[in-house]
Each structure stands twice: as C-alpha cells, then as structure tokens.
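Enquirer: Dropping in structure_22.csv, with CSV, C-alpha atoms.
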chain,number,residue,atom,x,y,z
A,1,MET,CA,80.6,-56.1,80.2
A,2,GLU,CA,76.9,-55.7,80.9
A,3,ALA,CA,75.0,-53.0,79.1
A,4,ALA,CA,73.8,-50.2,81.3
A,5,GLY,CA,70.2,-50.6,82.5
A,6,LYS,CA,67.6,-48.7,80.6
A,7,GLU,CA,65.1,-46.4,82.4
A,8,GLU,CA,61.6,-47.6,81.9
A,9,ILE,CA,59.1,-45.0,80.8
A,10,SER,CA,55.4,-45.5,81.8
A,11,VAL,CA,52.5,-44.1,79.8
A,12,GLU,CA,51.1,-43.0,83.1
A,13,ASP,CA,54.1,-40.8,83.6
A,14,GLU,CA,53.2,-38.9,80.5
A,15,ALA,CA,49.5,-38.5,81.4
A,16,VAL,CA,48.1,-35.2,82.4
A,17,ASP,CA,48.2,-34.2,86.1
A,18,LYS,CA,44.5,-34.7,87.2
A,19,ASN,CA,45.1,-32.4,90.1
A,20,ILE,CA,44.8,-29.4,87.8
A,21,PHE,CA,41.2,-30.4,87.0
A,22,LYS,CA,38.2,-30.7,89.2
A,23,ASP,CA,37.0,-34.1,90.4
A,24,CYS,CA,33.5,-34.6,92.0
A,25,SER,CA,34.7,-33.7,95.5
A,26,LYS,CA,35.8,-30.3,94.3
A,27,ILE,CA,32.5,-29.5,92.5
A,28,ALA,CA,30.2,-27.5,94.8
A,29,PHE,CA,26.9,-28.3,93.3
A,30,TYR,CA,27.7,-32.0,93.4
A,31,ARG,CA,28.4,-31.8,97.1
A,32,ARG,CA,25.2,-29.9,97.7
A,33,GLN,CA,23.1,-32.4,95.8
A,34,LYS,CA,24.7,-35.5,97.4
A,35,GLN,CA,24.1,-33.9,100.8
A,36,GLN,CA,20.4,-34.1,100.2
A,37,LEU,CA,20.3,-37.7,99.1
A,38,SER,CA,19.8,-39.0,102.6
A,39,THR,CA,16.6,-37.0,103.0
A,40,LYS,CA,13.2,-38.0,101.8
A,41,SER,CA,11.8,-36.5,98.6
A,42,THR,CA,10.0,-33.2,99.5
A,43,TYR,CA,8.2,-32.7,96.1
A,44,GLN,CA,4.6,-33.4,95.3
A,45,ALA,CA,2.7,-32.7,92.1
A,46,LEU,CA,-0.4,-30.6,92.4
A,47,LEU,CA,-2.5,-32.4,89.8
A,48,ASP,CA,-5.5,-30.3,90.6
A,49,SER,CA,-3.6,-27.5,89.0
A,50,ALA,CA,-3.2,-29.4,85.7
A,51,THR,CA,-4.1,-27.5,82.6
A,52,LYS,CA,-4.2,-28.8,79.0
A,53,GLY,CA,-2.9,-26.6,76.3
A,54,LYS,CA,-2.4,-27.0,72.5
A,55,ASP,CA,1.0,-28.5,72.8
A,56,SER,CA,1.5,-29.6,76.4
A,57,THR,CA,0.0,-30.5,79.8
A,58,LYS,CA,1.1,-28.2,82.7
A,59,PHE,CA,0.9,-28.7,86.4
A,60,GLN,CA,2.7,-27.4,89.5
A,61,ILE,CA,5.2,-29.3,91.6
A,62,LEU,CA,5.5,-28.0,95.2
A,63,ASN,CA,8.5,-28.3,97.4
A,64,GLU,CA,7.0,-29.1,100.8
A,65,ALA,CA,9.9,-27.8,102.7
A,66,THR,CA,10.2,-24.3,101.0
A,67,LYS,CA,6.7,-24.1,99.6
A,68,VAL,CA,8.1,-22.7,96.4
A,69,PRO,CA,6.3,-24.1,93.3
A,70,LEU,CA,7.9,-25.4,90.1
A,71,LEU,CA,6.1,-25.6,86.8
A,72,ALA,CA,6.2,-28.9,84.9
A,73,GLU,CA,5.3,-29.4,81.3
A,74,VAL,CA,4.8,-32.7,79.5
A,75,TYR,CA,4.8,-32.8,75.7
A,76,GLY,CA,4.1,-35.6,73.2
A,77,ILE,CA,6.3,-35.3,70.1
A,78,GLU,CA,5.7,-37.2,66.9
A,79,GLY,CA,7.8,-40.3,66.5
A,80,ASN,CA,7.2,-41.8,70.0
A,81,ILE,CA,9.0,-39.0,72.0
A,82,PHE,CA,8.0,-37.5,75.3
A,83,ARG,CA,9.5,-34.2,76.6
A,84,LEU,CA,9.5,-33.1,80.3
A,85,LYS,CA,10.4,-29.6,81.3
A,86,ILE,CA,10.6,-28.3,84.8
A,87,ASN,CA,11.3,-24.7,85.6
A,88,GLU,CA,10.7,-22.1,88.3
A,89,GLU,CA,7.1,-20.9,88.1
A,90,THR,CA,8.2,-17.3,88.8
A,91,PRO,CA,11.9,-17.1,88.5
A,92,LEU,CA,13.8,-14.0,89.6
A,93,LYS,CA,15.0,-13.7,86.0
A,94,PRO,CA,14.8,-16.0,83.0
A,95,ARG,CA,16.9,-19.1,83.5
A,96,TYR,CA,19.1,-20.2,80.6
A,97,GLU,CA,17.5,-22.5,78.1
A,98,VAL,CA,19.6,-24.1,75.3
A,99,PRO,CA,19.0,-22.6,71.9
A,100,ASP,CA,20.0,-23.8,68.4
A,101,VAL,CA,20.3,-27.5,69.2
A,102,VAL,CA,16.7,-28.8,68.9
A,103,THR,CA,14.9,-28.1,65.7
A,104,SER,CA,13.0,-24.8,65.8
A,105,LYS,CA,9.7,-26.5,66.8
A,106,PRO,CA,9.3,-30.2,66.9
A,107,ARG,CA,5.8,-31.3,65.9
A,108,THR,CA,3.8,-32.2,68.9
A,109,VAL,CA,1.0,-34.8,69.2
A,110,ARG,CA,-2.0,-34.4,71.4
A,111,LEU,CA,-1.8,-36.4,74.6
A,112,ILE,CA,-5.1,-37.8,75.9
A,113,SER,CA,-5.4,-37.3,79.7
A,114,SER,CA,-7.3,-39.5,82.1
A,115,SER,CA,-7.5,-39.9,85.8
A,116,GLY,CA,-5.7,-42.9,87.1
A,117,ASP,CA,-5.8,-44.1,90.7
A,118,ALA,CA,-6.4,-41.6,93.4
A,119,GLY,CA,-3.7,-38.9,93.2
A,120,SER,CA,-2.5,-39.7,89.7
A,121,LEU,CA,-2.8,-38.6,86.1
A,122,VAL,CA,-2.3,-40.6,82.9
A,123,LEU,CA,-1.2,-39.0,79.6
A,124,ALA,CA,-1.4,-41.3,76.6
A,125,ASP,CA,-0.5,-40.9,73.0
A,126,GLY,CA,-3.2,-41.3,70.3
A,127,LYS,CA,-2.7,-45.0,69.9
A,128,GLY,CA,-2.6,-45.7,73.7
A,129,ASP,CA,0.5,-47.8,73.5
A,130,LEU,CA,2.7,-45.2,75.3
A,131,LYS,CA,1.6,-43.6,78.6
A,132,CYS,CA,3.0,-41.2,81.2
A,133,HIS,CA,1.6,-42.2,84.6
A,134,ILE,CA,2.1,-39.2,86.9
A,135,THR,CA,1.9,-39.9,90.7
A,136,ALA,CA,1.2,-36.9,92.9
A,137,ASN,CA,2.8,-37.6,96.3
A,138,PRO,CA,5.7,-38.1,96.2
A,139,PHE,CA,6.1,-36.8,92.7
A,140,LYS,CA,7.0,-39.6,90.2
A,141,VAL,CA,6.5,-40.3,86.5
A,142,ASP,CA,6.3,-43.8,85.1
A,143,LEU,CA,6.8,-44.2,81.3
A,144,MET,CA,4.8,-47.2,80.2
A,145,SER,CA,4.8,-49.1,76.9
A,146,GLU,CA,2.0,-51.6,76.4
A,147,GLU,CA,1.2,-51.5,80.2
A,148,GLU,CA,4.9,-52.3,81.1
A,149,VAL,CA,6.8,-49.7,83.1
A,150,VAL,CA,10.1,-49.2,81.2
A,151,MET,CA,11.3,-46.0,82.9
A,152,SER,CA,10.6,-44.2,86.1
A,153,ILE,CA,11.4,-40.6,86.9
A,154,ASN,CA,12.1,-39.4,90.4
A,155,SER,CA,11.4,-42.8,91.9
A,156,LEU,CA,14.5,-42.3,94.0
A,157,GLY,CA,13.4,-38.8,95.1
A,158,HIS,CA,16.5,-37.1,93.7
A,159,LEU,CA,14.6,-34.2,92.1
A,160,TYR,CA,16.7,-31.1,93.0
A,161,PHE,CA,16.1,-27.5,92.0
A,162,GLU,CA,17.9,-24.4,93.4
A,163,HIS,CA,16.0,-21.2,93.0
A,164,LEU,CA,17.6,-18.0,91.9
A,165,GLN,CA,18.0,-15.5,94.8
A,166,VAL,CA,18.4,-11.8,95.3
A,167,PRO,CA,22.1,-11.0,95.6
A,168,LEU,CA,23.2,-10.8,99.3
A,169,LYS,CA,24.3,-7.2,99.0
A,170,LYS,CA,20.9,-6.1,97.8
A,171,ARG,CA,18.9,-7.9,100.5
A,172,ALA,CA,17.2,-5.7,103.0
A,173,THR,CA,19.1,-6.2,106.2
A,174,LYS,CA,16.2,-5.4,108.5
A,175,GLU,CA,13.0,-7.0,107.3
A,176,ASN,CA,14.5,-10.0,105.5
A,177,LYS,CA,17.3,-10.7,107.9
A,178,GLU,CA,15.7,-14.0,109.1
A,179,ASP,CA,13.9,-14.8,105.8
A,180,THR,CA,16.7,-16.5,103.9
A,181,SER,CA,16.9,-20.0,102.3
A,182,VAL,CA,20.6,-20.3,102.8
A,183,ASP,CA,22.6,-20.9,105.9
A,184,ALA,CA,23.8,-17.6,107.4
A,185,SER,CA,27.1,-19.2,108.4
A,186,GLN,CA,29.9,-17.8,106.2
A,187,GLU,CA,31.9,-20.9,106.6
A,188,ASN,CA,29.1,-23.1,105.5
A,189,GLN,CA,28.4,-20.9,102.5
A,190,GLU,CA,32.0,-21.0,101.4
A,191,ASP,CA,32.2,-24.8,101.8
A,192,LEU,CA,29.1,-25.4,99.7
A,193,GLY,CA,30.0,-22.7,97.1
A,194,LEU,CA,26.6,-21.0,97.4
A,195,TRP,CA,27.7,-17.5,96.3
A,196,GLU,CA,31.3,-18.0,95.4
A,197,GLU,CA,33.3,-21.0,94.4
A,198,LYS,CA,37.1,-21.2,94.4
A,199,PHE,CA,39.4,-23.6,92.6
A,200,GLY,CA,43.1,-22.9,92.5
A,201,LYS,CA,43.5,-19.3,91.5
A,202,PHE,CA,40.1,-19.2,89.8
A,203,VAL,CA,37.0,-17.6,91.5
A,204,ASP,CA,33.5,-18.2,90.2
A,205,VAL,CA,31.1,-15.6,91.6
A,206,LYS,CA,27.4,-16.5,91.5
A,207,VAL,CA,25.4,-13.3,91.4
A,208,ASN,CA,22.1,-14.9,92.1
A,209,GLY,CA,23.3,-17.7,94.2
A,210,PRO,CA,23.3,-21.5,93.5
A,211,ALA,CA,21.2,-22.6,90.6
A,212,SER,CA,21.8,-26.3,90.1
A,213,ILE,CA,19.3,-28.9,89.1
A,214,GLY,CA,19.1,-32.7,89.3
A,215,LEU,CA,16.8,-35.7,88.5
A,216,ASP,CA,17.0,-39.5,88.6
A,217,PHE,CA,15.8,-42.0,86.0
A,218,SER,CA,15.3,-45.7,86.7
A,219,LEU,CA,15.5,-48.0,83.6
A,220,HIS,CA,13.7,-51.2,84.3
A,221,GLY,CA,15.2,-54.4,82.9
A,222,PHE,CA,18.3,-52.6,81.5
A,223,GLU,CA,21.9,-53.3,82.4
A,224,HIS,CA,23.7,-52.0,79.3
A,225,LEU,CA,24.1,-48.3,78.8
A,226,TYR,CA,26.1,-46.3,76.3
A,227,GLY,CA,26.7,-42.7,75.2
A,228,ILE,CA,27.3,-39.4,77.1
A,229,PRO,CA,30.6,-38.7,75.2
A,230,GLN,CA,33.3,-37.8,75.4
A,231,HIS,CA,35.4,-39.9,77.8
A,232,ALA,CA,38.4,-42.2,77.3
A,233,GLU,CA,36.4,-45.1,78.8
A,234,SER,CA,34.9,-48.4,77.7
A,235,HIS,CA,32.1,-48.3,75.2
A,236,GLN,CA,29.6,-49.6,77.7
A,237,LEU,CA,29.2,-47.2,80.6
A,238,LYS,CA,30.3,-48.4,84.0
A,239,ASN,CA,28.9,-48.1,87.5
A,240,THR,CA,30.1,-45.0,89.2
A,241,GLY,CA,29.6,-46.1,92.8
A,242,ASP,CA,33.3,-46.7,93.4
A,243,GLY,CA,34.6,-43.5,91.9
A,244,ASP,CA,33.8,-40.2,90.2
A,245,ALA,CA,30.7,-39.6,88.1
A,246,TYR,CA,30.9,-39.1,84.4
A,247,ARG,CA,31.7,-35.5,83.8
A,248,LEU,CA,30.3,-33.6,80.8
A,249,TYR,CA,32.5,-30.5,80.6
A,250,ASN,CA,34.5,-29.5,77.5
A,251,LEU,CA,38.3,-29.7,78.2
A,252,ASP,CA,41.2,-29.6,75.8
A,253,VAL,CA,43.3,-32.2,77.6
A,254,TYR,CA,46.7,-33.2,76.4
A,255,GLY,CA,47.8,-36.6,77.4
A,256,TYR,CA,44.5,-37.7,79.0
A,257,LYS,CA,44.4,-41.0,80.8
A,258,ILE,CA,42.5,-43.9,79.4
A,259,HIS,CA,39.8,-45.8,81.4
A,260,ASP,CA,38.9,-42.5,83.1
A,261,LYS,CA,35.6,-40.7,83.4
A,262,MET,CA,37.0,-37.2,83.2
A,263,GLY,CA,35.5,-35.1,80.4
A,264,ILE,CA,37.6,-34.3,77.4
A,265,TYR,CA,36.9,-32.6,74.0
A,266,GLY,CA,33.2,-32.7,73.7
A,267,SER,CA,30.0,-33.0,75.7
A,268,VAL,CA,26.8,-34.7,74.4
A,269,PRO,CA,24.2,-35.3,77.1
A,270,TYR,CA,22.6,-38.2,75.2
A,271,LEU,CA,22.4,-41.7,76.8
A,272,LEU,CA,21.3,-45.0,75.3
A,273,ALA,CA,20.0,-48.1,77.2
A,274,HIS,CA,19.6,-51.4,75.5
A,275,LYS,CA,18.1,-54.8,76.3
A,276,PRO,CA,16.7,-57.6,74.2
A,277,GLY,CA,13.5,-56.3,72.6
A,278,ARG,CA,13.9,-52.6,73.5
A,279,THR,CA,16.2,-49.6,73.3
A,280,LEU,CA,15.6,-46.3,75.1
A,281,GLY,CA,17.3,-42.9,74.9
A,282,ILE,CA,17.6,-40.0,77.3
A,283,PHE,CA,18.5,-36.6,75.9
A,284,TRP,CA,19.2,-34.1,78.7
A,285,LEU,CA,19.2,-30.7,77.1
A,286,ASN,CA,21.5,-28.7,79.3
A,287,ALA,CA,24.8,-27.0,78.3
A,288,SER,CA,26.2,-26.3,81.8
A,289,GLU,CA,28.6,-28.6,83.6
A,290,THR,CA,26.9,-31.9,84.1
A,291,LEU,CA,27.6,-35.0,86.1
A,292,VAL,CA,26.0,-38.4,85.5
A,293,GLU,CA,26.0,-41.2,88.1
A,294,ILE,CA,25.1,-44.7,87.1
A,295,ASN,CA,24.2,-47.6,89.3
A,296,THR,CA,23.1,-51.0,87.9
A,297,GLU,CA,21.3,-53.6,90.0
A,298,PRO,CA,21.9,-56.9,88.1
A,299,ALA,CA,19.0,-59.3,87.6
A,300,VAL,CA,18.5,-61.9,90.3
A,301,LYS,CA,17.1,-65.0,88.7
A,302,TYR,CA,15.2,-66.1,91.8
A,303,THR,CA,14.5,-64.9,95.3
A,304,LEU,CA,13.0,-67.0,98.0
A,305,THR,CA,9.9,-65.7,99.8
A,306,GLN,CA,8.5,-67.7,102.7
A,307,MET,CA,4.9,-68.3,101.8
A,308,GLY,CA,3.5,-71.4,103.5
A,309,PRO,CA,5.5,-74.6,103.8
A,310,VAL,CA,7.1,-74.2,100.3
A,311,ALA,CA,9.2,-71.2,99.4
A,312,ALA,CA,7.9,-69.4,96.3
A,313,LYS,CA,10.3,-68.5,93.5
A,314,GLN,CA,10.0,-65.1,92.0
A,315,LYS,CA,12.0,-63.6,89.1
A,316,VAL,CA,13.5,-60.1,89.7
A,317,ARG,CA,14.3,-57.8,86.9
A,318,SER,CA,17.5,-55.8,86.6
A,319,ARG,CA,17.4,-52.1,86.9
A,320,THR,CA,19.8,-49.2,86.2
A,321,ASP,CA,19.5,-45.9,87.9
A,322,VAL,CA,20.9,-42.8,86.2
A,323,HIS,CA,21.2,-39.6,88.2
A,324,TRP,CA,21.8,-36.4,86.2
A,325,MET,CA,23.1,-33.2,87.9
A,326,SER,CA,23.7,-29.9,86.2
A,327,GLU,CA,25.2,-26.6,87.5
A,328,SER,CA,22.4,-24.3,86.1
A,329,GLY,CA,19.6,-24.0,83.6
A,330,ILE,CA,16.3,-25.9,83.7
A,331,ILE,CA,15.3,-29.5,83.5
A,332,ASP,CA,14.5,-30.2,79.9
A,333,VAL,CA,14.7,-33.9,79.0
A,334,PHE,CA,13.5,-35.8,76.0
A,335,LEU,CA,12.6,-39.5,76.4
A,336,LEU,CA,13.2,-41.5,73.3
A,337,THR,CA,11.1,-44.6,73.5
A,338,GLY,CA,12.4,-46.5,70.5
A,339,PRO,CA,11.6,-49.4,70.6
A,340,THR,CA,14.5,-50.4,68.3
A,341,PRO,CA,18.0,-49.0,68.1
A,342,SER,CA,17.2,-47.6,64.7
A,343,ASP,CA,14.1,-45.9,66.0
A,344,VAL,CA,16.1,-44.2,68.8
A,345,PHE,CA,18.7,-42.9,66.3
A,346,LYS,CA,15.9,-41.6,64.1
A,347,GLN,CA,14.3,-39.9,67.1
A,348,TYR,CA,17.5,-38.2,68.2
A,349,SER,CA,18.3,-37.1,64.6
A,350,TYR,CA,14.8,-35.7,64.2
A,351,LEU,CA,15.3,-33.5,67.3
A,352,THR,CA,18.8,-32.3,66.6
A,353,GLU,CA,19.2,-32.7,62.8
A,354,ASN,CA,22.8,-33.8,63.6
A,355,SER,CA,23.3,-30.4,65.3
A,356,LYS,CA,26.8,-28.9,64.9
A,357,TYR,CA,26.5,-27.3,68.3
A,358,TRP,CA,27.4,-30.5,70.2
Could you quickly redo this structure as structure tokens?
Expert:
Amino acid sequence: MEAAGKEEISVEDEAVDKNIFKDCSKIAFYRRQKQQLSTKSTYQALLDSATKGKDSTKFQILNEATKVPLLAEVYGIEGNIFRLKINEETPLKPRYEVPDVVTSKPRTVRLISSSGDAGSLVLADGKGDLKCHITANPFKVDLMSEEEVVMSINSLGHLYFEHLQVPLKKRATKENKEDTSVDASQENQEDLGLWEEKFGKFVDVKVNGPASIGLDFSLHGFEHLYGIPQHAESHQLKNTGDGDAYRLYNLDVYGYKIHDKMGIYGSVPYLLAHKPGRTLGIFWLNASETLVEINTEPAVKYTLTQMGPVAAKQKVRSRTDVHWMSESGIIDVFLLTGPTPSDVFKQYSYLTENSKYW
C-alpha cells in the first residue's frame, strides 16, 4: 500500500503579500519624477550670483520653465568631504531638514574659488587635489580628483524640486485663477497625487501640495555598489532597470521575501561605490520615503571609430548612474571622496558618530 502523497509547502507561500505594500507604480512622487525624465533639464546655475561666505559658497539655480530660483550651497568639510545643499530660496515655510544625525557642526575647510572655462566655476580644497567644477548651463557639478572626473552630479538632468504652494482652499479664486503651477484637471491631480494620495483605506493629505526632490549622480569607472540598507537582497546592489527601485522606508515586515528590493526594518541613505584604486560614498541626508534607481553601463574594452583607412581603438570606462528621489525635505548630500574604503568609513563615522537615529 502506497503512502499518501505529502503536500509540498513553499517558502514563497509563507511570504508576505506584497499587495499590501506600495511598489513604485503606486508611489505618486515617483510617477511624477519619472514623467519628467523624457524632458530636457531646465535648470541653470546663475554663477554671477555666487557669494563666498565663511563656511560655504552660495549661488542660485534657476528653473527656466517656472523662473523660480533655488539656493545652492557647497561646503568643504575636513577629511576630504564635500557637502551640497539645495533648497528653495524663499520657501512658503521652512522645509524639513534632518536634525540629530550629523554632528552638531562638522568642521569646514575653506574652498578656493577660481573661474574655469566660460560659464563655469571651480572650487578646490587647500591642497588642490580635490575640485568641484560647476557648469552653469545646463547645471552640472563634476567632482575631480587629481584632474580626473570621478563623479558627476545632474549630468543626466534629473534635478527635480517641487515648491511648496498655498493650499488650494486659500487661493484667491479671482486674481490667481490662471496663475497656478499645477494642472487644473481634478482627474490629473488625483492621478499624480498632487494634493491627496490614496492607498487602500489610507489617505495622505498634502496641505502645501507636492514637495518631492530628486538628483542624479554618475560614478565614472565604477560597477560595484553597496549599501542603502535594509533590503533582503544581494550584498552588491543590482541594476533596477528591470524592476522596482530600492525603497528606503521603514517597515516591520513579517515573512519578507528574499532577493527583493522592498524596504524592511531600517533605512540608511548611505551608498558605497568601489573600484581598484578608489572608493566613494554618497550620504543622502533625507528622512522621508526615498527611492534609489541604479543603472550600470559596463566597461567596453574597445570601440571602433572610423578615422582614416584604419579604425582607431579607444577604451571606454564603465559608469554607474544613481538616481535618488525623496518625497519631501531638501537636497542635502555629502560626497565622501575616500580614496580608500577605510577613509570612506572614517568620513561617514566622523559625520554621524555612529548615530543611533538610523
């Protein structure tokens, strides 16, 4: 007599139902920012407005479409760290900035400014080994080490900044009826979650409208990235082109799936990039819900370019693009220039002192 067949139990059957959590397609600020990616960058730096203070260099960034200026600040911090802050120049009310994580006041170093090519500004540390090369139009920042570009900011034109707005109910219906930066279509507003976002039975009301931010970073010569915990994924971060972005959003998930980019118990917006001879770090100081997209263009050893009767061979470096998107707050990012893994860990520890708030 044959034994009765046993029912097979799959680990997948015990895993959490992902439908009760948001994926990227259900996150309104992600949809809004992705909608803009097909358009050309509309930001330019007004370098004529640059002023040099005791701790930082400030200049305006203008959105050519809306004509609303942003204020950018570049800091040099001891230990080979650069800090870039971008905020509204005159916000409707103060936007949230994360307290308690960074040491009370990191010691700054004086950056030496010089004019680069036409329409550019160069900020260098005292030794001259590290430089920030700021291009005005379109706005871009190249981080250079010993004349080599190791990181570019906004080279893809993904800078995104939603300005706080007067609540709809308080707007003057006569004089300002046509002066609005959002689509008047109620259906469009609901789809993009401009003033109200719904998920299941939950409703998130945005009193001052959408306030998300975003920025891209291109890491030249890098293919191996790590960090931005906590996810039940491989140690090395994967490309996100075929699926959801990495989500930084604290969730207490029972039975979470492995090899999945959904956020779980903690969120640390700290990313490492490594290649032979150099390690870099990006510390995105923002506590709101954050999504990170990664796209690696692997190195091509040789490309053929038709120049004369003989094709020339040219080596092409790999590059990894990292796109950060957060629901609110300001852009406040620390660039940890290494150059060794140990140096990057020291730089991060210096900034946070192993902060308990992450």
Enquirer: One decimal, in Å: what's the spacing between atom CA of A:Ala273 and atom CA of A:Phe222?
Expert: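 A separation of 6.5 Å between them.
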Enquirer: One decimal, in Å: what's the spacing between atom CA of A:Tyr350 and atom CA of A:Tyr226?
Expert: 19.7 Å
Enquirer: Give me, please, the distance in Å between atom CA of A:Trp284 and atom CA of A:Ala45, quoted to one decimal.
Expert: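 These atoms are spaced 21.3 Å apart.
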Enquirer: Kindly indicate which residue among A:Tyr265, A:Phe202, A:Phe283, A:Trp324 lies nearest to A:Val344, using only C-alpha atoms for the distances.
Expert: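 Smallest separation from A:Val344 among the options: A:Phe283.
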Enquirer: For A:Gly214, which residue out of A:Glu196, A:Glu297, A:Glu327, A:Asp244 is the nearest one, using only C-alpha atoms?
Expert: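 Of all the options, A:Glu327 lies closest to A:Gly214.
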Enquirer: Between A:Thr51, A:Tyr270, A:Asn295, A:Leu123, which one has atoms that come closest to A:Phe334, using only C-alpha atoms?
Expert: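 Using only C-alpha atoms, the shortest distance to A:Phe334 belongs to A:Tyr270.
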Enquirer: Taking into account all atoms listed in the file, which residue in the set A:Gly227, A:Gly221, A:Pro138, A:Gly281 is nearest to A:Thr320?
Expert: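 For A:Thr320, the nearest of the given residues is A:Gly221.
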Enquirer: Rank A:Asp242, A:Asp48, A:Glu147, A:Asp332 by their smallest atom-to-atom distance to A:Leu84, using only C-alpha atoms, and report the top residue only.
Expert: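 Closest residue, counting only C-alpha atoms: A:Asp332.
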Enquirer: Using only C-alpha atoms, determine which residues lie at most 9 Å from stretch 247-256 of chain A, disregarding the query and same-chain residues fewer than 3 positions distant; provide the list as a list in words.
Expert: Glu14, Ala15, Val16, Asp17, Lys18, Asp23, Cys24, Ile228, Pro229, Gln230, His231, Ala232, Asp244, Asp260, Lys261, Met262, Gly263, Ile264, Tyr265, Gly266, Ser267, Val268, Pro269, Ala287, Ser288, Glu289, Thr290, Leu291 and Val292 of chain A
Enquirer: Could you list, as an MDAnalysis selection string, every residue within 10 Å of A:Asp117, counting only C-alpha atoms and ignoring same-chain residues fewer than 3 positions away?
Expert: chainID A and resid 114 120:122 133 135
Enquirer: Please, could you write that set of residues out with C-alpha atoms as a short mmCIF file (atom, residue, chain, number, x, y, z; two decimals), in the frame of the given file?
Expert:
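New file out.cif:
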data_model
loop_
_atom_site.label_atom_id
_atom_site.label_comp_id
_atom_site.auth_asym_id
_atom_site.auth_seq_id
_atom_site.Cartn_x
_atom_site.Cartn_y
_atom_site.Cartn_z
CA SER A 114 -7.30 -39.50 82.10
CA SER A 120 -2.50 -39.70 89.70
CA LEU A 121 -2.80 -38.60 86.10
CA VAL A 122 -2.30 -40.60 82.90
CA HIS A 133 1.60 -42.20 84.60
CA THR A 135 1.90 -39.90 90.70
#
Enquirer: Just the residues within 10 Å of A:Ile134, please, counting all atoms listed in the file, with nothing from its chain fewer than 3 positions along; format it as a PyMOL selection string.
Expert: chain A and resi 45+47+115-116+119-123+131+137+139-143+152-153
Enquirer: Counting all atoms listed in the file, which of A:Ile86, A:Gly209, A:Glu162, A:Glu233 gets nearest to A:Ile61?
Expert: A:Ile86
Enquirer: Taking 2 positions as the minimum chain separation for residues in the same chain, which residues sit within 7 Å of stretch 29-39 of chain A when counting only C-alpha atoms? Answer as a list in words.
Expert: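 With the cut-off at 7 Å, the set is Cys24, Ser25, Ile27, Ser41, His158, Leu192, Ser212 and Glu327 of chain A.
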